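Let me begin by presenting the structure, written as structure tokens, before commenting on it.
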Amino acid sequence: MIRLVAEPTLGRLVTWLRLLGLDTGLVPRLPPAAPPQTVLLTRRRALAGRPGVLFIRSDHWPEQLRQVLSELDLRPDPAARFSRCLACNELVRPLARDETVGLVPDFVRETAEGFTRCPACGKIYWPGSHGRRAEDLMAQILADLPGENSDV
Ligand SMILES: [Zn+2]
């Protein structure tokens, strides 16, 4: 599986790639060369064309996301969505409902299913915690990709 590494100017793009379950690092400075199985994402035109570097053309994250998915020919596994912490990129782990006492609002604990927690920062997620708008936007972007099924 390919690993993506981006610079801080691409923070919103990074969040969306993590939402899709793609392994996406965020570093203060990109390394001088891409490690194996890694693609460096940059807005710096001077780096365009180097091996393992994808120059991101747009200033806007939806277009950036489309570019990354289509030019790297990535088809994120729907089952991997919401599998990573948006803050740390760690794979989140299932969390039992009774372990959420005091950590999420009571009405969420009583009504939500499928809690997960980041082992690194402790952030807790549940279906809907990313927001309805996030899920709608993601479905729309995936549906627009060439060759992607529209039933996402
Ligand atoms: Zn985390």
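Following the order of the structure tokens, first chain is A, next is B, and so on, with residues numbered from 1 inside each chain and ligands from 1 in the order they appear.
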
Residues within 12 Å of Ile124 of chain A, please, as an MDAnalysis selection string. Count only C-alpha atoms; anything in the same chain fewer than 5 positions from it doesn't count. chainID A and resid 82:87 91:97 99:105 108:109 114:119 129:130

DSSP strand (DSSP E or B) residues within segment 6-149 of chain A, as a PDB file with N, CA and C atoms, in the first residue's frame:
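This is the output file out_28.pdb:
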ATOM      1  N   ALA A   6       2.770  14.666   3.117  1.00  0.00           N
ATOM      2  CA  ALA A   6       2.463  16.009   2.634  1.00  0.00           C
ATOM      3  C   ALA A   6       3.099  17.064   3.521  1.00  0.00           C
ATOM      4  N   THR A  24      -1.457   8.813   5.397  1.00  0.00           N
ATOM      5  CA  THR A  24      -1.013  10.142   4.955  1.00  0.00           C
ATOM      6  C   THR A  24      -0.289  10.867   6.075  1.00  0.00           C
ATOM      7  N   GLY A  25       1.011  10.967   5.934  1.00  0.00           N
ATOM      8  CA  GLY A  25       1.812  11.681   6.913  1.00  0.00           C
ATOM      9  C   GLY A  25       1.818  13.173   6.629  1.00  0.00           C
ATOM     10  N   LEU A  26       2.089  13.940   7.681  1.00  0.00           N
ATOM     11  CA  LEU A  26       2.190  15.394   7.542  1.00  0.00           C
ATOM     12  C   LEU A  26       3.492  15.793   8.235  1.00  0.00           C
ATOM     13  N   THR A  38       6.477   5.563  -1.344  1.00  0.00           N
ATOM     14  CA  THR A  38       5.957   6.809  -0.791  1.00  0.00           C
ATOM     15  C   THR A  38       5.844   7.852  -1.895  1.00  0.00           C
ATOM     16  N   VAL A  39       4.769   8.629  -1.831  1.00  0.00           N
ATOM     17  CA  VAL A  39       4.621   9.768  -2.739  1.00  0.00           C
ATOM     18  C   VAL A  39       4.575  11.033  -1.895  1.00  0.00           C
ATOM     19  N   LEU A  40       5.424  11.977  -2.236  1.00  0.00           N
ATOM     20  CA  LEU A  40       5.447  13.258  -1.538  1.00  0.00           C
ATOM     21  C   LEU A  40       4.495  14.212  -2.233  1.00  0.00           C
ATOM     22  N   LEU A  41       3.647  14.861  -1.444  1.00  0.00           N
ATOM     23  CA  LEU A  41       2.686  15.825  -1.988  1.00  0.00           C
ATOM     24  C   LEU A  41       3.160  17.231  -1.650  1.00  0.00           C
ATOM     25  N   THR A  42       3.266  18.069  -2.656  1.00  0.00           N
ATOM     26  CA  THR A  42       3.798  19.406  -2.419  1.00  0.00           C
ATOM     27  C   THR A  42       3.080  20.448  -3.268  1.00  0.00           C
ATOM     28  N   VAL A  53       7.368  12.518  -6.449  1.00  0.00           N
ATOM     29  CA  VAL A  53       6.765  13.781  -6.014  1.00  0.00           C
ATOM     30  C   VAL A  53       5.530  14.069  -6.868  1.00  0.00           C
ATOM     31  N   LEU A  54       4.443  14.411  -6.210  1.00  0.00           N
ATOM     32  CA  LEU A  54       3.259  14.872  -6.932  1.00  0.00           C
ATOM     33  C   LEU A  54       3.046  16.345  -6.610  1.00  0.00           C
ATOM     34  N   PHE A  55       3.204  17.174  -7.633  1.00  0.00           N
ATOM     35  CA  PHE A  55       2.964  18.611  -7.473  1.00  0.00           C
ATOM     36  C   PHE A  55       1.468  18.851  -7.511  1.00  0.00           C
ATOM     37  N   ARG A  84      -8.771   5.959  10.336  1.00  0.00           N
ATOM     38  CA  ARG A  84      -7.573   6.643  10.848  1.00  0.00           C
ATOM     39  C   ARG A  84      -7.948   7.872  11.661  1.00  0.00           C
ATOM     40  N   LEU A  91      -4.063   4.291  13.025  1.00  0.00           N
ATOM     41  CA  LEU A  91      -5.276   3.490  12.867  1.00  0.00           C
ATOM     42  C   LEU A  91      -6.017   3.479  14.194  1.00  0.00           C
ATOM     43  N   ARG A  93      -8.858   2.234  17.027  1.00  0.00           N
ATOM     44  CA  ARG A  93      -9.249   0.906  17.508  1.00  0.00           C
ATOM     45  C   ARG A  93     -10.655   0.961  18.068  1.00  0.00           C
ATOM     46  N   PRO A  94     -11.363  -0.170  17.988  1.00  0.00           N
ATOM     47  CA  PRO A  94     -12.730  -0.192  18.529  1.00  0.00           C
ATOM     48  C   PRO A  94     -12.732   0.126  20.018  1.00  0.00           C
ATOM     49  N   LEU A  95     -13.772   0.787  20.436  1.00  0.00           N
ATOM     50  CA  LEU A  95     -13.919   1.162  21.839  1.00  0.00           C
ATOM     51  C   LEU A  95     -15.324   0.749  22.278  1.00  0.00           C
ATOM     52  N   PHE A 115     -18.021   2.960  18.298  1.00  0.00           N
ATOM     53  CA  PHE A 115     -17.014   3.925  18.736  1.00  0.00           C
ATOM     54  C   PHE A 115     -15.615   3.418  18.414  1.00  0.00           C
ATOM     55  N   THR A 116     -14.733   4.355  18.081  1.00  0.00           N
ATOM     56  CA  THR A 116     -13.322   4.011  17.933  1.00  0.00           C
ATOM     57  C   THR A 116     -12.500   5.079  18.658  1.00  0.00           C
ATOM     58  N   ARG A 117     -11.255   4.702  18.942  1.00  0.00           N
ATOM     59  CA  ARG A 117     -10.381   5.623  19.663  1.00  0.00           C
ATOM     60  C   ARG A 117      -8.983   5.563  19.080  1.00  0.00           C
ATOM     61  N   ILE A 124     -11.776  10.263  20.321  1.00  0.00           N
ATOM     62  CA  ILE A 124     -12.818   9.261  20.117  1.00  0.00           C
ATOM     63  C   ILE A 124     -13.688   9.664  18.931  1.00  0.00           C
ATOM     64  N   TYR A 125     -13.979   8.679  18.098  1.00  0.00           N
ATOM     65  CA  TYR A 125     -14.817   8.887  16.914  1.00  0.00           C
ATOM     66  C   TYR A 125     -16.017   7.958  16.972  1.00  0.00           C
TER      67      TYR A 125
END

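Coordinates place atom CA of Ala48 of chain A at a distance of 12.6 Å from atom CA of Ala34 of chain A.
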
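Proximity to Leu65 of chain A was assessed for A:Ala46, A:Ile2, A:Leu145, A:Ala112 counting only C-alpha atoms; the smallest distance is recorded for A:Leu145.
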
Could you give me, as an NGL selection string, each residue of chain A that DSSP assigns to helix (DSSP H, G or I) when run on this structure's backbone? :A and (8-19 or 45-47 or 61-71 or 78-80 or 97-100 or 106-111 or 132-144)

Go ahead and write the selection's residues with C-alpha atoms as a compact mmCIF listing (two decimals), in the first residue's frame.
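File produced: selection_0.txt:
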# COMPACT_ATOMS: atom_id res chain seq x y z
CA PRO A 8 1.73 21.69 6.11
CA THR A 9 0.26 23.83 3.33
CA LEU A 10 -1.82 20.78 2.39
CA GLY A 11 -3.42 20.30 5.81
CA ARG A 12 -7.02 20.11 4.64
CA LEU A 13 -6.15 17.68 1.88
CA VAL A 14 -4.36 15.52 4.45
CA THR A 15 -7.47 15.42 6.63
CA TRP A 16 -9.57 14.22 3.73
CA LEU A 17 -7.08 11.59 2.66
CA ARG A 18 -7.08 10.27 6.24
CA LEU A 19 -10.88 10.28 6.27
CA ARG A 45 6.54 24.03 -8.13
CA ALA A 46 10.32 23.68 -7.87
CA LEU A 47 9.83 20.05 -6.82
CA TRP A 61 -8.87 20.88 -1.37
CA PRO A 62 -11.69 19.22 -3.36
CA GLU A 63 -9.67 19.68 -6.54
CA GLN A 64 -6.50 18.59 -4.74
CA LEU A 65 -8.23 15.44 -3.55
CA ARG A 66 -9.46 14.64 -7.05
CA GLN A 67 -5.96 15.15 -8.44
CA VAL A 68 -4.33 12.84 -5.89
CA LEU A 69 -6.89 10.06 -6.32
CA SER A 70 -6.94 10.19 -10.10
CA GLU A 71 -3.23 10.76 -10.84
CA PRO A 78 -14.91 2.04 1.39
CA ALA A 79 -14.41 -0.23 4.40
CA ALA A 80 -11.28 1.76 5.33
CA ARG A 97 -19.71 1.75 24.71
CA ASP A 98 -19.16 1.46 28.46
CA GLU A 99 -15.59 2.69 28.02
CA THR A 100 -16.90 5.99 26.70
CA ASP A 106 -24.36 11.15 27.30
CA PHE A 107 -26.79 11.23 24.39
CA VAL A 108 -24.03 10.11 22.05
CA ARG A 109 -23.03 7.26 24.34
CA GLU A 110 -26.62 6.10 24.51
CA THR A 111 -27.44 6.35 20.82
CA ARG A 132 -23.10 14.59 7.72
CA ARG A 133 -21.61 17.24 5.44
CA ALA A 134 -18.23 15.50 5.44
CA GLU A 135 -19.80 12.22 4.38
CA ASP A 136 -21.89 13.86 1.67
CA LEU A 137 -18.92 15.73 0.26
CA MET A 138 -16.78 12.63 0.24
CA ALA A 139 -19.45 10.61 -1.57
CA GLN A 140 -19.78 13.37 -4.13
CA ILE A 141 -16.04 13.57 -4.79
CA LEU A 142 -15.71 9.80 -5.13
CA ALA A 143 -18.69 9.66 -7.46
CA ASP A 144 -17.04 12.23 -9.72

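When only C-alpha atoms are used to measure the gap to Pro31 of chain A, the shortest distance among A:Val5, A:Cys121, A:Cys88, A:Leu74 belongs to A:Val5.
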
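With only C-alpha atoms and all ligand atoms as the basis for measurement, A:Ala120 is the residue among A:Leu20, A:Leu30, A:Ala120, A:Leu4 that approaches ligand 1 most closely.
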
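Atom pair atom CA of Gly21 of chain A / atom CA of Asp77 of chain A: separated by 7.7 Å.
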